[in-house]
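First up is the structure itself, then whatever we jot down about it.
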Amino acid sequence: MTDDATDDVTDDAHERALPGLPAPAPLGTSALPEGTYDGAVVLVTGGGTGLGKAIAAEFARLGADLVIASRKEDRLKAARDELAGLGGRVTAVPCDIRDPERVTEVFDAARQAYGLPGVLVNNAAANFPVPAEDMSPNAWRSVVDITLTGTFLMTREFARRHLAAGSPGSVINIGASYAWTGGPGFAHSAAAKAGVQSLVESLAVEWAPYGIQVNGLVPGLMPHQDMTADIRGNLDRAAPARGHEPDGPRRELDARQPALRVGAPRELGWAATFLASPYARFITGHTLVVDGANWQRRGLVSPEVVTVREQMGRGPFGE
Ligand SMILES: CCCCC/C=C/C(=O)SCCNC(=O)CCNC(=O)[C@H](O)C(C)(C)COP(=O)(O)OP(=O)(O)OC[C@H]1O[C@@H](n2cnc3c(N)ncnc32)[C@H](O)[C@@H]1OP(=O)(O)O
Ligand SMILES: NC(=O)C1=CN([C@@H]2O[C@H](COP(=O)(O)OP(=O)(O)OC[C@H]3O[C@@H](n4cnc5c(N)ncnc54)[C@H](OP(=O)(O)O)[C@@H]3O)[C@@H](O)[C@H]2O)C=CC1
């Protein structure tokens with residue numbers, strides 16, 4: 001199982017005069033004791049690709065049985081086989097999280113396979129860059145329905161089942177820092193992630209009395225080979241991949257981070273396994289940012305303003 005390694009990129013950073021933040025520990029290692037998740041069932045939406053798969057992998061290494069859910073069966077099956085190679089059991093359930101009936105079916109399938117998941121990672125989301133004035137109503141709805149409504153439906157089903165069973169649980173919502181900074185060019189996704197962040201804070205209080213933790217986990221820039229063409233295209237505008245590999249090292253992206261490197265997906269996975277672990281039982285309603293301080297970045301002097309249209313190489317509105 002690979003981690004879409006930024007290791008190569010990290011080496012680049014170390015060749016510089018400034019070291020940047022140190023490289024992460026090797027893939028396959030963990031700060032948590034072996035077997036921390038033995039007997040636990042972990043449900044990860046969007047667990048067939050990218051960061052969701054990396055998160056699922058870290059839970060699997062620590063003994064969890066996994067349920068991964070998303071729309072595309074072929075990718076889910078490939079990920080299931082890959083994750084099963086880490087030792088645990090893995091079930092893949094096709095599901096569009098916008099549909100409450102499909103959401104119910106995922107939990108039914110999980111219960112039948114291993115029992116009620118004790119951990120839910122709401123990782124599935126949708127996003128593409130688009131100037132707000134060009135965005136169709138359906139484009140807005142699509143991103144908000146998947147990212148915010150889908151997250152709510154999954155979380156509601158998880159809580160209902162735990163409330164009925166009287167059992168504790170842990171929810172982790174994967175967010176984005178533009179939830180609180182705003183995201184020019186990503187107005188739909190930023191608004192949806194702001195809603196996801198708000199859910200963390202509302203539901204943590206609402207459900208703490210029942211033993212359910214709800215936390216947020218925000219990745220910084222963590223490129224991986226499953227990035228959609230839209231997101232990849234956005235990165236390509238800033239930093240074209242070198243060589244023949246579409247996921248080749250991108251020194252230019254590293255140079256744009258205070259850490260002088262992008263994040264490795266496993267760094268998010270490690271944070272998720274901590275947040276849902278017995279060592280974080282008094283942490284709820286919190287959002288942990290794993291981004292090398294990129295979201296706090298400010299220059300002494302503000303950079304020149306470049307409109308979203310110009311950044312995307314688009315002509316005047318309406319032409
Ligand atoms: C680089 C910084 C990133 C920072 C943070 C990153 C956050 C992330 O969330 S990354 C995760 C990205 N991953 C995904 O988005 C995976 C899932 N995404 C998708 O499957 C598609 O992108 C989807 C959301 C468009 C698919 O949803 P679906 O319901 O199948 O939608 P349709 O294909 O029917 O399209 C709906 C609607 O949206 C319009 N649209 C699609 N792409 C674009 C685009 N690039 N620009 C403008 N509009 C777009 C599409 O045309 C439809 O609208 P109508 O034509 O009006 O019907
Ligand atoms: N990569 C990064 O640098 C950053 C990522 N993030 C966040 O991290 C998370 C993962 O992103 P990343 O791995 O990069 O993106 P991916 O595109 O790889 O993952 C998105 C996942 O969501 C699933 N998905 C999309 N729509 C639905 C749906 N309607 N129902 C069920 N599943 C769905 C997709 O599977 P399928 O198509 O099969 O449905 C896919 O597995 C997201 O929440 C994203 O916002 C935040 C900041 C930066």
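Labels used: A, B, ... for chains in the order of the structure tokens, numbers from 1 for residues in each chain, and numbers from 1 for ligands as shown.
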Apply DSSP to the backbone of this structure and, from range 28-149 of chain A, keep only the residues in helix (DSSP H, G or I); write these as a PyMOL selection string. chain A and resi 50-61+73-84+100-113+132-134+137-149
Contacts to ligand 2 at 8 Å cut-off (only C-alpha atoms and all ligand atoms) as a count of residues only: 48
Residues within 6 Å of range 281-294 of chain A, only C-alpha atoms, excluding chain neighbours under 3 positions, as a list in words: Val200, Glu201, Ala204, Gln213, Val214, Asn215, Gly216, Leu217, Val218, Pro219, Gly220, Gln257, Pro258, Ala259, Pro278 and Arg297 of chain A
Can you write just those residues out, N, CA and C atoms, as an mmCIF file, in the first residue's frame?
```
data_model
loop_
_atom_site.group_PDB
_atom_site.id
_atom_site.type_symbol
_atom_site.label_atom_id
_atom_site.label_comp_id
_atom_site.auth_asym_id
_atom_site.auth_seq_id
_atom_site.Cartn_x
_atom_site.Cartn_y
_atom_site.Cartn_z
ATOM 1 N N VAL A 200 -19.871 20.113 13.575
ATOM 2 C CA VAL A 200 -18.962 19.587 14.609
ATOM 3 C C VAL A 200 -19.287 20.244 15.944
ATOM 4 N N GLU A 201 -19.422 21.570 15.904
ATOM 5 C CA GLU A 201 -19.592 22.311 17.153
ATOM 6 C C GLU A 201 -20.998 22.117 17.746
ATOM 7 N N ALA A 204 -21.322 18.069 18.815
ATOM 8 C CA ALA A 204 -20.460 17.645 19.934
ATOM 9 C C ALA A 204 -21.162 17.919 21.255
ATOM 10 N N GLN A 213 -18.569 11.482 20.510
ATOM 11 C CA GLN A 213 -17.643 12.583 20.214
ATOM 12 C C GLN A 213 -17.800 13.003 18.754
ATOM 13 N N VAL A 214 -17.678 14.293 18.508
ATOM 14 C CA VAL A 214 -17.725 14.799 17.128
ATOM 15 C C VAL A 214 -16.583 15.802 16.966
ATOM 16 N N ASN A 215 -15.620 15.462 16.138
ATOM 17 C CA ASN A 215 -14.479 16.349 15.917
ATOM 18 C C ASN A 215 -14.282 16.636 14.438
ATOM 19 N N GLY A 216 -13.552 17.710 14.159
ATOM 20 C CA GLY A 216 -13.188 18.056 12.787
ATOM 21 C C GLY A 216 -11.701 17.795 12.573
ATOM 22 N N LEU A 217 -11.365 17.459 11.352
ATOM 23 C CA LEU A 217 -9.960 17.220 11.006
ATOM 24 C C LEU A 217 -9.719 17.855 9.641
ATOM 25 N N VAL A 218 -8.804 18.814 9.599
ATOM 26 C CA VAL A 218 -8.612 19.604 8.379
ATOM 27 C C VAL A 218 -7.240 19.339 7.776
ATOM 28 N N PRO A 219 -7.205 18.791 6.569
ATOM 29 C CA PRO A 219 -5.908 18.601 5.913
ATOM 30 C C PRO A 219 -5.441 19.878 5.229
ATOM 31 N N GLY A 220 -4.139 20.043 5.182
ATOM 32 C CA GLY A 220 -3.577 21.052 4.287
ATOM 33 C C GLY A 220 -3.441 20.436 2.912
ATOM 34 N N GLN A 257 4.453 26.375 0.601
ATOM 35 C CA GLN A 257 3.997 26.032 1.949
ATOM 36 C C GLN A 257 5.024 26.532 2.975
ATOM 37 N N PRO A 258 4.577 27.069 4.123
ATOM 38 C CA PRO A 258 5.532 27.458 5.170
ATOM 39 C C PRO A 258 6.410 26.282 5.598
ATOM 40 N N ALA A 259 5.879 25.080 5.532
ATOM 41 C CA ALA A 259 6.637 23.885 5.930
ATOM 42 C C ALA A 259 7.701 23.514 4.898
ATOM 43 N N PRO A 278 -8.825 5.802 22.373
ATOM 44 C CA PRO A 278 -9.099 5.942 23.811
ATOM 45 C C PRO A 278 -8.272 7.059 24.447
ATOM 46 N N ARG A 297 -0.877 31.719 6.967
ATOM 47 C CA ARG A 297 0.180 32.425 6.249
ATOM 48 C C ARG A 297 -0.237 33.839 5.829
#
```
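Shortest atom-to-atom contact with ligand 1 among A:Asp254, A:Glu267, A:Glu58, A:Asp230: A:Asp230, counting only C-alpha atoms and all ligand atoms.
Between ligand 1 and the candidates A:Ala139, A:Leu253, A:Ala64, A:Val305, the tightest atom-to-atom separation, counting only C-alpha atoms and all ligand atoms, involves A:Ala139.
When only C-alpha atoms are used to measure the gap to Leu199 in chain A, the shortest distance among A:Leu153, A:Ala229, A:Ala239, A:Ala280 belongs to A:Leu153.
The nearest approach to ligand 1 among the residues A:Arg256, A:Arg141, A:His162, A:Arg251, with only C-alpha atoms and all ligand atoms taken into account, belongs to A:Arg141.
The nearest approach to ligand 1 among the residues A:Arg161, A:Lys77, A:Arg314, A:Arg266, with only C-alpha atoms and all ligand atoms taken into account, belongs to A:Arg314.
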For CA of Phe128 in chain A and CA of Trp295 in chain A, the interatomic separation in Å (one decimal): 19.4 Å
Nearest to ligand 1: which of A:Gly28, A:Pro117, A:Pro131, A:Gly299 is it, counting only C-alpha atoms and all ligand atoms? A:Pro131
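Coordinates place CA of Gly195 in chain A at a distance of 29.0 Å from CA of Arg261 in chain A.
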Determine, counting only C-alpha atoms, which protein, DNA and RNA residues have an atom within 10 Å of an atom of Asp134 in chain A; residues of the same chain fewer than 2 positions away are not included. Present the result as a PDB file with C-alpha atoms, in the first residue's frame.
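Everything below was put into out.pdb:
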```pdb
ATOM      1  CA  VAL A 130     -15.229  27.867 -10.632  1.00  0.00           C
ATOM      2  CA  PRO A 131     -15.793  31.633 -10.509  1.00  0.00           C
ATOM      3  CA  ALA A 132     -18.980  32.142  -8.457  1.00  0.00           C
ATOM      4  CA  SER A 136     -24.906  26.986 -12.148  1.00  0.00           C
ATOM      5  CA  PRO A 137     -27.546  26.285  -9.506  1.00  0.00           C
ATOM      6  CA  ALA A 139     -23.179  22.955  -9.580  1.00  0.00           C
ATOM      7  CA  ARG A 309     -11.168  34.600 -13.589  1.00  0.00           C
ATOM      8  CA  PHE A 317     -17.869  37.235 -17.689  1.00  0.00           C
ATOM      9  CA  GLY A 318     -20.394  36.331 -20.364  1.00  0.00           C
TER      10      GLY A 318
END
```
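Atom pair atom 53 (O, counted along the ligand's line) of ligand 1 / CA of Gln225 in chain A: separated by 24.9 Å.
When the distance limit is 7 Å and only C-alpha atoms are what count, the residues near Asp65 in chain A, minus those fewer than 6 positions from it on the same chain, are Ala40, Val41, Val42, Gly88, Arg89 and Val90 of chain A.
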